[in-house]
>>> print(open('work.txt').read())   # compact mmCIF, C-alpha atoms (C1' of nucleotides)
# COMPACT_ATOMS: atom_id res chain seq x y z
CA MET A 19 81.94 78.92 80.82
CA GLU A 20 84.84 78.12 78.51
CA GLN A 21 88.21 77.69 80.16
CA ARG A 22 89.77 80.38 78.03
CA ARG A 23 87.29 83.06 79.06
CA ILE A 24 87.60 82.12 82.71
CA TYR A 25 91.33 82.49 82.38
CA GLU A 26 90.97 85.97 80.89
CA LEU A 27 88.54 87.08 83.58
CA ILE A 28 90.77 85.90 86.40
CA ASP A 29 93.74 87.60 84.80
CA LYS A 30 91.83 90.85 84.46
CA TYR A 31 90.52 90.57 87.98
CA ILE A 32 94.04 90.23 89.39
CA GLU A 33 95.32 93.22 87.44
CA LEU A 34 92.30 95.44 88.05
CA THR A 35 92.07 94.90 91.78
CA HIS A 36 95.73 95.66 92.18
CA GLU A 37 95.65 98.78 90.03
CA VAL A 38 92.42 100.18 91.48
CA TRP A 39 93.41 99.52 95.07
CA LYS A 40 96.88 101.01 94.68
CA ASN A 41 95.61 104.12 92.94
CA SER A 42 92.74 104.62 95.37
CA GLU A 43 95.02 104.31 98.35
CA ASN A 44 97.34 106.87 96.81
CA LEU A 45 94.51 109.30 96.14
CA ILE A 46 93.32 108.88 99.72
CA ARG A 47 96.84 109.35 101.02
CA GLU A 48 97.21 112.59 99.08
CA GLU A 49 94.03 113.84 100.74
CA ILE A 50 94.71 112.87 104.34
CA SER A 51 98.44 112.30 104.85
CA GLU A 52 99.04 115.59 106.64
CA ASP A 53 96.86 114.25 109.49
CA LEU A 54 96.77 110.45 109.35
CA THR A 55 98.08 107.45 107.49
CA ASN A 56 95.45 105.40 105.67
CA ASP A 57 95.72 102.54 108.15
CA GLN A 58 95.34 104.89 111.08
CA HIS A 59 92.17 106.21 109.51
CA TYR A 60 90.77 102.70 109.04
CA ILE A 61 91.36 102.00 112.74
CA LEU A 62 89.58 105.20 113.72
CA ARG A 63 86.79 104.24 111.33
CA TYR A 64 86.28 100.88 112.99
CA ILE A 65 86.13 102.37 116.48
CA TYR A 66 83.90 105.22 115.35
CA LYS A 67 81.39 102.84 113.78
CA ASN A 68 81.44 100.40 116.71
CA GLY A 69 81.69 102.91 119.54
CA LYS A 70 84.55 100.99 121.10
CA ALA A 71 86.99 98.19 120.29
CA THR A 72 89.62 95.90 121.77
CA THR A 73 93.05 95.04 120.47
CA THR A 74 91.95 91.47 119.77
CA GLY A 75 88.78 92.62 117.99
CA LEU A 76 90.71 94.96 115.74
CA ALA A 77 93.32 92.30 115.03
CA GLU A 78 90.57 89.93 113.88
CA ALA A 79 88.75 92.57 111.87
CA PHE A 80 91.92 93.60 110.06
CA SER A 81 93.42 90.09 109.87
CA VAL A 82 96.70 91.05 111.50
CA GLN A 83 98.55 90.10 114.67
CA LYS A 84 97.64 91.90 117.87
CA SER A 85 101.11 93.46 118.05
CA ALA A 86 100.44 95.26 114.77
CA ILE A 87 97.34 96.83 116.32
CA THR A 88 99.22 97.82 119.45
CA ALA A 89 101.73 99.71 117.32
CA ILE A 90 99.10 101.66 115.40
CA VAL A 91 97.02 102.34 118.51
CA ASN A 92 100.12 103.64 120.31
CA ARG A 93 100.60 106.21 117.57
CA LEU A 94 96.96 107.24 117.76
CA VAL A 95 97.14 107.53 121.54
CA ASP A 96 100.24 109.70 121.13
CA LYS A 97 98.22 111.91 118.81
CA ASN A 98 95.47 112.06 121.44
CA LEU A 99 92.89 110.58 119.08
CA ILE A 100 92.27 107.34 121.00
CA MET A 101 91.88 106.50 124.70
CA ARG A 102 92.58 103.23 126.51
CA THR A 103 90.30 102.28 129.43
CA TYR A 104 90.43 99.09 131.49
CA ASP A 105 87.25 97.05 131.69
CA GLU A 106 86.58 96.93 135.43
CA ALA A 107 84.57 93.71 135.06
CA ASP A 108 87.52 91.88 133.49
CA ARG A 109 90.75 93.77 133.76
CA ARG A 110 92.38 91.84 130.94
CA TYR A 111 90.30 93.87 128.50
CA ILE A 112 91.22 97.35 127.43
CA PHE A 113 88.56 99.31 125.62
CA LEU A 114 89.67 101.64 122.90
CA THR A 115 87.48 104.68 122.35
CA LEU A 116 87.86 107.89 120.40
CA THR A 117 88.63 111.12 122.19
CA GLU A 118 86.64 114.18 121.17
CA GLU A 119 89.60 115.17 119.05
CA GLY A 120 89.61 111.68 117.55
CA LYS A 121 85.97 111.93 116.54
CA LYS A 122 86.50 115.32 114.97
CA GLN A 123 89.60 114.13 113.14
CA PHE A 124 87.83 111.05 111.84
CA GLU A 125 84.83 113.00 110.60
CA LYS A 126 87.04 115.50 108.86
CA THR A 127 89.18 112.83 107.21
CA GLU A 128 86.26 110.57 106.33
CA LYS A 129 84.54 113.45 104.58
CA LYS A 130 87.55 113.90 102.31
CA ILE A 131 87.59 110.21 101.44
CA PHE A 132 83.85 110.21 101.00
CA ASN A 133 83.99 113.05 98.49
CA LEU A 134 86.80 111.36 96.65
CA VAL A 135 84.87 108.11 96.31
CA LYS A 136 81.74 110.05 95.42
CA SER A 137 83.57 111.76 92.57
CA PHE A 138 83.97 108.49 90.77
CA ILE A 139 80.87 106.67 91.95
CA ILE A 140 78.59 109.31 90.45
CA LYS A 141 80.03 108.65 87.00
CA PHE A 142 78.05 105.41 86.85
CA ASP A 143 74.34 105.10 86.35
CA ARG A 144 72.38 103.81 89.27
CA GLU A 145 71.71 100.29 88.03
CA GLU A 146 75.31 99.66 87.18
CA ILE A 147 76.66 100.74 90.53
CA GLU A 148 73.93 98.90 92.43
CA ASN A 149 74.81 95.68 90.62
CA PHE A 150 78.49 96.27 91.14
CA ILE A 151 78.07 96.69 94.89
CA LYS A 152 75.77 93.66 95.04
CA THR A 153 78.38 91.45 93.40
CA TYR A 154 81.06 92.98 95.58
CA GLU A 155 79.08 92.01 98.68
CA LYS A 156 78.75 88.46 97.42
CA LEU A 157 82.48 88.39 96.78
CA ALA A 158 83.20 89.66 100.27
CA SER A 159 81.10 86.92 101.83
CA ILE A 160 82.69 84.22 99.67
CA ILE A 161 86.13 85.36 100.77
CA ARG A 162 84.95 85.55 104.37
CA GLU A 163 83.88 81.91 104.13
CA ILE A 164 87.23 80.80 102.73
CA ARG A 165 89.12 82.38 105.62
CA MET B 14 69.69 109.05 92.55
CA GLU B 15 68.62 110.18 95.99
CA GLN B 16 71.31 111.55 98.21
CA ARG B 17 70.64 108.99 100.89
CA ARG B 18 71.18 106.02 98.61
CA ILE B 19 74.34 107.52 97.18
CA TYR B 20 75.61 107.93 100.70
CA GLU B 21 74.91 104.28 101.49
CA LEU B 22 76.58 103.07 98.33
CA ILE B 23 79.71 105.08 98.93
CA ASP B 24 79.84 103.87 102.51
CA LYS B 25 79.52 100.26 101.41
CA TYR B 26 82.07 100.73 98.69
CA ILE B 27 84.63 102.05 101.17
CA GLU B 28 84.05 99.16 103.57
CA LEU B 29 83.89 96.44 100.92
CA THR B 30 87.01 97.46 99.03
CA HIS B 31 89.00 97.57 102.24
CA GLU B 32 87.74 94.22 103.51
CA VAL B 33 88.06 92.38 100.22
CA TRP B 34 91.51 93.74 99.47
CA LYS B 35 92.87 93.02 102.93
CA ASN B 36 91.50 89.50 102.99
CA SER B 37 92.63 88.73 99.47
CA GLU B 38 96.13 89.95 100.17
CA ASN B 39 96.24 87.78 103.27
CA LEU B 40 95.07 84.71 101.38
CA ILE B 41 97.69 85.35 98.73
CA ARG B 42 100.35 85.87 101.38
CA GLU B 43 99.48 82.56 102.99
CA GLU B 44 99.97 80.87 99.63
CA ILE B 45 103.23 82.46 98.56
CA SER B 46 105.03 83.91 101.58
CA GLU B 47 107.58 81.12 101.80
CA ASP B 48 108.97 82.34 98.47
CA LEU B 49 107.98 85.95 97.89
CA THR B 50 106.20 88.89 99.42
CA ASN B 51 103.08 90.01 97.57
CA ASP B 52 104.75 93.17 96.30
CA GLN B 53 107.74 91.23 95.06
CA HIS B 54 105.37 89.01 93.12
CA TYR B 55 103.63 92.02 91.54
CA ILE B 56 106.98 93.35 90.39
CA LEU B 57 107.87 90.00 88.85
CA ARG B 58 104.42 89.96 87.25
CA TYR B 59 104.97 93.33 85.59
CA ILE B 60 108.34 92.36 84.18
CA TYR B 61 107.08 88.95 83.09
CA LYS B 62 104.15 90.46 81.19
CA ASN B 63 106.25 93.22 79.62
CA GLY B 64 109.44 91.26 78.98
CA LYS B 65 111.54 93.99 80.59
CA ALA B 66 111.15 97.10 82.70
CA THR B 67 113.01 100.11 84.04
CA THR B 68 113.01 101.52 87.55
CA THR B 69 111.17 104.61 86.35
CA GLY B 70 108.59 102.55 84.47
CA LEU B 71 107.86 100.42 87.50
CA ALA B 72 107.67 103.47 89.75
CA GLU B 73 105.04 104.97 87.45
CA ALA B 74 103.12 101.74 87.06
CA PHE B 75 102.98 101.21 90.82
CA SER B 76 102.62 104.88 91.73
CA VAL B 77 105.58 104.93 94.11
CA GLN B 78 108.94 106.71 94.25
CA LYS B 79 111.81 105.19 92.32
CA SER B 80 113.69 104.51 95.54
CA ALA B 81 110.90 102.17 96.63
CA ILE B 82 111.39 100.18 93.43
CA THR B 83 115.17 100.10 93.90
CA ALA B 84 114.67 98.53 97.33
CA ILE B 85 112.34 95.79 96.10
CA VAL B 86 114.45 95.11 93.01
CA ASN B 87 117.56 94.79 95.18
CA ARG B 88 115.88 92.03 97.16
CA LEU B 89 114.84 90.26 93.98
CA VAL B 90 118.34 90.56 92.56
CA ASP B 91 119.70 89.11 95.81
CA LYS B 92 117.31 86.19 95.33
CA ASN B 93 118.62 85.81 91.77
CA LEU B 94 115.15 86.32 90.27
CA ILE B 95 115.90 89.57 88.43
CA MET B 96 118.86 90.82 86.37
CA ARG B 97 120.04 94.38 85.73
CA THR B 98 121.51 95.20 82.30
CA TYR B 99 122.69 98.58 81.07
CA ASP B 100 121.17 99.84 77.84
CA GLU B 101 124.20 100.33 75.60
CA ALA B 102 122.36 102.92 73.49
CA ASP B 103 121.71 105.12 76.52
CA ARG B 104 123.67 104.08 79.54
CA ARG B 105 121.38 105.92 81.95
CA TYR B 106 118.83 103.17 81.45
CA ILE B 107 119.01 99.87 83.26
CA PHE B 108 116.79 97.13 81.96
CA LEU B 109 115.30 94.75 84.45
CA THR B 110 114.63 91.25 83.20
CA LEU B 111 113.73 87.97 84.83
CA THR B 112 116.37 85.28 85.21
CA GLU B 113 115.35 81.72 84.32
CA GLU B 114 114.85 81.13 88.01
CA GLY B 115 112.74 84.30 88.16
CA LYS B 116 110.47 83.11 85.39
CA LYS B 117 110.01 79.75 87.03
CA GLN B 118 109.35 81.32 90.40
CA PHE B 119 106.82 83.72 88.93
CA GLU B 120 104.96 80.99 87.07
CA LYS B 121 104.82 78.83 90.16
CA THR B 122 103.61 81.65 92.38
CA GLU B 123 101.19 83.06 89.83
CA LYS B 124 99.58 79.67 89.47
CA LYS B 125 98.83 79.57 93.18
CA ILE B 126 97.27 83.02 93.07
CA PHE B 127 95.39 82.13 89.91
CA ASN B 128 93.84 79.08 91.53
CA LEU B 129 92.93 81.07 94.58
CA VAL B 130 91.15 83.74 92.54
CA LYS B 131 89.55 81.05 90.41
CA SER B 132 88.12 79.39 93.51
CA PHE B 133 85.93 82.37 94.17
CA ILE B 134 85.36 83.64 90.64
CA ILE B 135 83.69 80.37 89.62
CA LYS B 136 81.06 80.85 92.31
CA PHE B 137 79.43 83.52 90.14
CA ASP B 138 77.43 82.92 87.01
CA ARG B 139 78.96 84.14 83.83
CA GLU B 140 76.82 87.21 83.27
CA GLU B 141 77.35 88.50 86.77
CA ILE B 142 81.10 88.23 86.68
CA GLU B 143 81.31 89.66 83.16
CA ASN B 144 79.33 92.71 84.27
CA PHE B 145 81.40 93.02 87.41
CA ILE B 146 84.65 93.07 85.48
CA LYS B 147 83.21 95.50 82.95
CA THR B 148 82.29 97.98 85.66
CA TYR B 149 85.65 97.41 87.32
CA GLU B 150 87.39 98.35 84.09
CA LYS B 151 85.36 101.52 83.83
CA LEU B 152 86.25 102.30 87.43
CA ALA B 153 89.93 101.74 86.74
CA SER B 154 89.89 104.12 83.79
CA ILE B 155 88.00 106.79 85.77
CA ILE B 156 90.59 106.60 88.51
CA ARG B 157 93.38 106.66 85.94
CA GLU B 158 91.93 109.92 84.59
CA ILE B 159 91.76 111.52 88.01
CA ARG B 160 95.43 110.84 88.68
C1' DT C 19 131.41 124.38 76.89
C1' DT C 20 128.33 125.08 80.25
C1' DT C 21 123.84 124.12 81.94
C1' DA C 22 119.56 121.25 82.14
C1' DT C 23 117.45 117.17 82.32
C1' DT C 24 116.93 112.33 83.04
C1' DA C 25 117.75 107.48 85.16
C1' DG C 26 118.99 105.45 88.89
C1' DT C 27 120.96 104.68 93.71
C1' DT C 28 121.89 105.72 98.59
C1' DC C 29 120.48 106.94 102.96
C1' DA C 30 117.82 108.20 107.14
C1' DA C 31 113.53 108.05 108.98
C1' DC C 32 109.24 106.20 109.51
C1' DA C 33 104.76 102.89 109.32
C1' DG C 34 103.27 98.51 109.39
C1' DT C 35 103.98 93.71 109.96
C1' DT C 36 105.23 88.98 112.09
C1' DG C 37 106.35 85.92 115.69
C1' DA C 38 108.25 84.88 120.00
C1' DA C 39 108.65 86.04 124.76
C1' DC C 40 106.65 88.33 128.23
C1' DT C 41 103.04 90.35 132.09
C1' DA C 42 98.72 90.39 134.11
C1' DT C 43 94.27 88.73 134.83
C1' DA C 44 90.65 85.22 134.83
C1' DT C 45 88.99 80.41 134.52
C1' DA C 46 89.30 75.34 135.09
C1' DT C 47 90.84 71.35 137.42
C1' DC C 48 92.31 68.67 141.05
C1' DG D 10 92.33 76.81 147.95
C1' DA D 11 96.40 75.75 144.96
C1' DT D 12 98.01 74.78 140.63
C1' DA D 13 97.55 74.71 135.79
C1' DT D 14 95.61 76.60 131.72
C1' DA D 15 93.65 80.13 128.87
C1' DT D 16 93.02 84.84 127.42
C1' DA D 17 94.14 90.00 126.56
C1' DG D 18 97.48 92.78 125.79
C1' DT D 19 102.41 94.61 125.33
C1' DT D 20 107.35 94.52 124.20
C1' DC D 21 110.97 93.64 121.24
C1' DA D 22 113.88 92.39 117.23
C1' DA D 23 113.78 91.84 112.59
C1' DC D 24 112.02 92.68 108.34
C1' DT D 25 109.44 95.01 104.02
C1' DG D 26 107.88 98.87 101.95
C1' DT D 27 107.68 103.74 101.67
C1' DT D 28 109.02 108.90 101.19
C1' DG D 29 112.02 112.59 100.20
C1' DA D 30 116.37 114.63 99.89
C1' DA D 31 121.01 114.26 98.33
C1' DC D 32 123.80 112.13 95.37
C1' DT D 33 126.26 109.94 90.73
C1' DA D 34 126.37 109.21 86.03
C1' DA D 35 124.90 109.91 81.47
C1' DT D 36 122.54 112.55 77.89
C1' DA D 37 120.37 116.67 75.79
C1' DA D 38 119.86 121.62 75.31
C1' DA D 39 121.64 126.43 75.44
>>> encode(input="work.txt", output="structure tokens")
Amino acid sequence: MEQRRIYELIDKYIELTHEVWKNSENLIREEISEDLTNDQHYILRYIYKNGKATTTGLAEAFSVQKSAITAIVNRLVDKNLIMRTYDEADRRYIFLTLTEEGKKQFEKTEKKIFNLVKSFIIKFDREEIENFIKTYEKLASIIREIR
Amino acid sequence: MEQRRIYELIDKYIELTHEVWKNSENLIREEISEDLTNDQHYILRYIYKNGKATTTGLAEAFSVQKSAITAIVNRLVDKNLIMRTYDEADRRYIFLTLTEEGKKQFEKTEKKIFNLVKSFIIKFDREEIENFIKTYEKLASIIREIR
DNA sequence: TTTATTAGTTCAACAGTTGAACTATATATC
DNA sequence: GATATATAGTTCAACTGTTGAACTAATAAA
């Protein structure tokens, strides 16, 4: 590929990712902010999908320090959406699980986000969106390798 | 498209965008954090590309309140990367421009980000990345319409 | 001239983040 | 078994970014 075109593509990529991410996050926030912040929802999402989680596991998954997770989890525990339970086999571990209220809250919030994403995903024809997701997956794994 | 497949695609989209964005931002932060935060760089980027900016313009472009822009701009002014100048034609307006140091800093930082993005963009063949960007642009304009 | 609007800042309050210091538990080494 | 090391998690101070309300200053409209 010619240098010039590569340059243009990179430039567009940088601008597009920033714009799309920012706007999406704002749309999501408008939908859910009365109940949760976006980051709080992503934490609930991780625990919901995995059944349980640890501080260290979340810190790795979200690429942040453990203290950042502690802070968010504290807020979710205060809201009675998450529970902490010691692992009796190794008491250094604390398992984070969703309370019943946490599950309900997640499902409610996720549905709103889901419908939002759906509203723009359905504007593409099937082939285009399939290819887009396929490339996105490749991109994710390339970035995973770099880290 | 069948409901089930749509569901899967939306689910993947939500997970992929979050993972890719988070990881990319972290990679960028590792590259530039000694000089600038990521958001500070994006503000410099906007002014650099447009020559000048106003608080209101930046607030709209970044979809945040004006006070958020004031805070970031203050830090950049403190670092002597941005200048404020009153518009003599309408003294309500304050134009934000880059100082010489600001331009240099931006170019230096942008180059690092550029090379980072390049390192994963070049792993795709031309057609794939062209299609990806094309769909991304469509996505951006759909989201722009929704807002 | 009075009232509206517009551009921008200030401020308090909050979420999220890092990084260092800390506690508590478990594992390795002598 | 005692000491040293490693691991999981929290606490804390400091910082960035954010909202939203109250404010100042300048311009436009009535």
>>> calpha_fit_and_write(input="work.txt", fixed="chain B", moving="chain A", output="compact mmCIF listing (two decimals) with C-alpha atoms, in the frame of the given file")
# COMPACT_ATOMS: atom_id res chain seq x y z
CA MET A 19 69.73 109.08 92.46
CA GLU A 20 68.64 110.17 95.93
CA GLN A 21 71.35 111.57 98.15
CA ARG A 22 70.66 109.02 100.85
CA ARG A 23 71.19 106.03 98.58
CA ILE A 24 74.36 107.51 97.15
CA TYR A 25 75.62 107.94 100.66
CA GLU A 26 74.92 104.29 101.48
CA LEU A 27 76.60 103.06 98.32
CA ILE A 28 79.74 105.09 98.92
CA ASP A 29 79.86 103.88 102.50
CA LYS A 30 79.52 100.27 101.41
CA TYR A 31 82.08 100.74 98.68
CA ILE A 32 84.65 102.05 101.16
CA GLU A 33 84.08 99.18 103.57
CA LEU A 34 83.92 96.45 100.93
CA THR A 35 87.03 97.44 99.04
CA HIS A 36 89.00 97.58 102.24
CA GLU A 37 87.74 94.25 103.54
CA VAL A 38 88.07 92.38 100.24
CA TRP A 39 91.51 93.74 99.48
CA LYS A 40 92.87 93.02 102.95
CA ASN A 41 91.50 89.50 103.01
CA SER A 42 92.64 88.72 99.48
CA GLU A 43 96.13 89.94 100.18
CA ASN A 44 96.24 87.77 103.28
CA LEU A 45 95.06 84.70 101.40
CA ILE A 46 97.69 85.34 98.73
CA ARG A 47 100.34 85.85 101.37
CA GLU A 48 99.47 82.54 103.00
CA GLU A 49 99.97 80.86 99.63
CA ILE A 50 103.23 82.45 98.55
CA SER A 51 105.04 83.90 101.57
CA GLU A 52 107.60 81.11 101.80
CA ASP A 53 108.98 82.31 98.44
CA LEU A 54 107.98 85.94 97.88
CA THR A 55 106.18 88.87 99.42
CA ASN A 56 103.07 90.01 97.57
CA ASP A 57 104.75 93.17 96.33
CA GLN A 58 107.73 91.23 95.06
CA HIS A 59 105.37 89.03 93.10
CA TYR A 60 103.62 92.04 91.56
CA ILE A 61 107.00 93.36 90.39
CA LEU A 62 107.87 90.02 88.84
CA ARG A 63 104.43 89.99 87.25
CA TYR A 64 104.96 93.35 85.60
CA ILE A 65 108.34 92.37 84.17
CA TYR A 66 107.08 88.96 83.08
CA LYS A 67 104.16 90.48 81.18
CA ASN A 68 106.26 93.26 79.61
CA GLY A 69 109.43 91.29 78.97
CA LYS A 70 111.53 93.99 80.57
CA ALA A 71 111.16 97.12 82.70
CA THR A 72 113.01 100.13 84.07
CA THR A 73 113.02 101.54 87.57
CA THR A 74 111.18 104.64 86.38
CA GLY A 75 108.59 102.58 84.49
CA LEU A 76 107.86 100.43 87.51
CA ALA A 77 107.68 103.48 89.76
CA GLU A 78 105.04 104.99 87.47
CA ALA A 79 103.11 101.76 87.09
CA PHE A 80 102.98 101.22 90.84
CA SER A 81 102.63 104.91 91.76
CA VAL A 82 105.59 104.94 94.12
CA GLN A 83 108.94 106.72 94.26
CA LYS A 84 111.83 105.22 92.33
CA SER A 85 113.71 104.52 95.57
CA ALA A 86 110.92 102.17 96.64
CA ILE A 87 111.42 100.18 93.43
CA THR A 88 115.17 100.08 93.90
CA ALA A 89 114.68 98.52 97.33
CA ILE A 90 112.36 95.79 96.09
CA VAL A 91 114.46 95.10 92.99
CA ASN A 92 117.58 94.79 95.16
CA ARG A 93 115.89 92.03 97.14
CA LEU A 94 114.85 90.26 93.96
CA VAL A 95 118.35 90.54 92.53
CA ASP A 96 119.69 89.08 95.78
CA LYS A 97 117.31 86.18 95.30
CA ASN A 98 118.60 85.79 91.74
CA LEU A 99 115.15 86.31 90.24
CA ILE A 100 115.90 89.57 88.40
CA MET A 101 118.86 90.81 86.34
CA ARG A 102 120.03 94.37 85.71
CA THR A 103 121.52 95.19 82.29
CA TYR A 104 122.70 98.59 81.06
CA ASP A 105 121.17 99.88 77.85
CA GLU A 106 124.21 100.37 75.62
CA ALA A 107 122.38 102.97 73.53
CA ASP A 108 121.74 105.18 76.58
CA ARG A 109 123.68 104.11 79.61
CA ARG A 110 121.39 105.94 82.00
CA TYR A 111 118.83 103.18 81.49
CA ILE A 112 119.01 99.87 83.27
CA PHE A 113 116.78 97.14 81.96
CA LEU A 114 115.31 94.76 84.45
CA THR A 115 114.62 91.26 83.17
CA LEU A 116 113.74 87.97 84.81
CA THR A 117 116.35 85.28 85.19
CA GLU A 118 115.33 81.74 84.29
CA GLU A 119 114.83 81.15 87.98
CA GLY A 120 112.73 84.31 88.14
CA LYS A 121 110.44 83.12 85.37
CA LYS A 122 110.00 79.74 87.00
CA GLN A 123 109.33 81.32 90.38
CA PHE A 124 106.79 83.72 88.93
CA GLU A 125 104.93 81.00 87.07
CA LYS A 126 104.80 78.84 90.14
CA THR A 127 103.59 81.66 92.38
CA GLU A 128 101.15 83.06 89.83
CA LYS A 129 99.55 79.66 89.47
CA LYS A 130 98.82 79.58 93.19
CA ILE A 131 97.24 83.02 93.08
CA PHE A 132 95.37 82.13 89.93
CA ASN A 133 93.81 79.07 91.55
CA LEU A 134 92.91 81.07 94.60
CA VAL A 135 91.13 83.73 92.56
CA LYS A 136 89.52 81.04 90.44
CA SER A 137 88.09 79.39 93.54
CA PHE A 138 85.92 82.39 94.20
CA ILE A 139 85.34 83.62 90.67
CA ILE A 140 83.68 80.35 89.67
CA LYS A 141 81.03 80.83 92.34
CA PHE A 142 79.40 83.49 90.18
CA ASP A 143 77.42 82.90 87.05
CA ARG A 144 78.96 84.12 83.86
CA GLU A 145 76.81 87.19 83.29
CA GLU A 146 77.34 88.48 86.78
CA ILE A 147 81.10 88.21 86.69
CA GLU A 148 81.31 89.64 83.17
CA ASN A 149 79.33 92.69 84.28
CA PHE A 150 81.38 93.01 87.42
CA ILE A 151 84.65 93.04 85.49
CA LYS A 152 83.21 95.47 82.94
CA THR A 153 82.29 97.95 85.66
CA TYR A 154 85.63 97.38 87.32
CA GLU A 155 87.40 98.31 84.08
CA LYS A 156 85.36 101.48 83.82
CA LEU A 157 86.25 102.29 87.41
CA ALA A 158 89.93 101.71 86.73
CA SER A 159 89.89 104.11 83.80
CA ILE A 160 87.99 106.76 85.76
CA ILE A 161 90.59 106.58 88.51
CA ARG A 162 93.37 106.64 85.94
CA GLU A 163 91.93 109.88 84.57
CA ILE A 164 91.77 111.50 88.00
CA ARG A 165 95.44 110.80 88.66
>>> closest_residue(input="work.txt", among="A:Phe132, A:Phe142, A:Tyr104, A:Phe150", to="chain C", atoms="only C-alpha atoms (C1' of nucleotides)")
A:Tyr104
>>> interface_residues(input="work.txt", of="chain A", to="chain D", cutoff="12 Å", atoms="all atoms listed in the file", output="list of chain:residue names")
A:Asn44, A:Ser51, A:Thr55, A:Thr72, A:Thr73, A:Thr74, A:Gly75, A:Ala77, A:Gln83, A:Lys84, A:Ser85, A:Ala86, A:Ile87, A:Thr88, A:Ala89, A:Val91, A:Asn92, A:Arg102, A:Tyr104, A:Asp105, A:Asp108, A:Arg109, A:Arg110, A:Tyr111, A:Ile112, A:Phe113
>>> atom_distance(input="work.txt", atom1="atom CA of A:Asn149", atom2="atom CA of B:Lys124")
29.5 Å
>>> residues_around(input="work.txt", residues="B:Ile19", least_positions_apart="3", cutoff="12 Å", atoms="all atoms listed in the file", output="ChimeraX atom specification")
/A:132-133,135-145,147-148,151 /B:14-16,22-26
>>> closest_atom_pairs(input="work.txt", of="chain C", to="chain B", cutoff="8 Å", atoms="all atoms listed in the file", output="CSV")
residue,atom,partner,partner_atom,distance
C:DT24,C1',B:Arg105,CA,7.9
C:DA25,C1',B:Arg105,CA,5.1
C:DG26,C1',B:Thr68,CA,7.3
C:DT27,C1',B:Thr83,CA,7.4
>>> atom_distance(input="work.txt", atom1="atom CA of B:Thr30", atom2="atom CA of B:Leu89")
29.2 Å
>>> atom_distance(input="work.txt", atom1="atom CA of B:Ile45", atom2="atom CA of A:Glu33")
17.4 Å
>>> residues_around(input="work.txt", residues="A:Thr115", least_positions_apart="4", cutoff="7 Å", atoms="only C-alpha atoms (C1' of nucleotides)", output="list in words")
Ile65, Gly69, Lys70, Ala71, Ile100, Met101 and Arg102 of chain A
>>> closest_residue(input="work.txt", among="B:Ser76, B:Lys62, B:Glu158, B:Glu114", to="chain A", atoms="only C-alpha atoms")
B:Ser76
>>> closest_residue(input="work.txt", among="A:Glu37, A:Glu125, A:Glu52, A:Glu26", to="chain B", atoms="only C-alpha atoms")
A:Glu37
>>> closest_residue(input="work.txt", among="B:Val77, B:Glu44, B:Leu111, B:Lys117", to="chain A", atoms="all atoms listed in the file")
B:Val77
>>> build_atoms(input="work.txt", residues="stretch 138-149 of chain A", atoms="N, CA and C atoms", output="compact mmCIF listing (two decimals), keeping the file's coordinate frame")
# COMPACT_ATOMS: atom_id res chain seq x y z
N PHE A 138 84.00 109.49 91.85
CA PHE A 138 83.97 108.49 90.77
C PHE A 138 82.75 107.60 90.79
N ILE A 139 82.10 107.47 91.92
CA ILE A 139 80.87 106.67 91.95
C ILE A 139 79.77 107.30 91.11
N ILE A 140 79.68 108.65 91.17
CA ILE A 140 78.59 109.31 90.45
C ILE A 140 78.74 109.26 88.93
N LYS A 141 79.86 108.77 88.46
CA LYS A 141 80.03 108.65 87.00
C LYS A 141 79.31 107.43 86.43
N PHE A 142 78.79 106.59 87.32
CA PHE A 142 78.05 105.41 86.85
C PHE A 142 76.56 105.67 86.97
N ASP A 143 75.77 104.98 86.13
CA ASP A 143 74.34 105.10 86.35
C ASP A 143 73.94 104.16 87.47
N ARG A 144 72.80 104.46 88.04
CA ARG A 144 72.38 103.81 89.27
C ARG A 144 72.40 102.29 89.20
N GLU A 145 71.81 101.75 88.13
CA GLU A 145 71.71 100.29 88.03
C GLU A 145 73.09 99.64 88.04
N GLU A 146 73.99 100.25 87.28
CA GLU A 146 75.31 99.66 87.18
C GLU A 146 76.02 99.62 88.53
N ILE A 147 75.95 100.70 89.25
CA ILE A 147 76.66 100.74 90.53
C ILE A 147 75.98 99.86 91.57
N GLU A 148 74.66 99.78 91.50
CA GLU A 148 73.93 98.90 92.43
C GLU A 148 74.36 97.45 92.20
N ASN A 149 74.40 97.06 90.93
CA ASN A 149 74.81 95.68 90.62
C ASN A 149 76.25 95.42 91.04
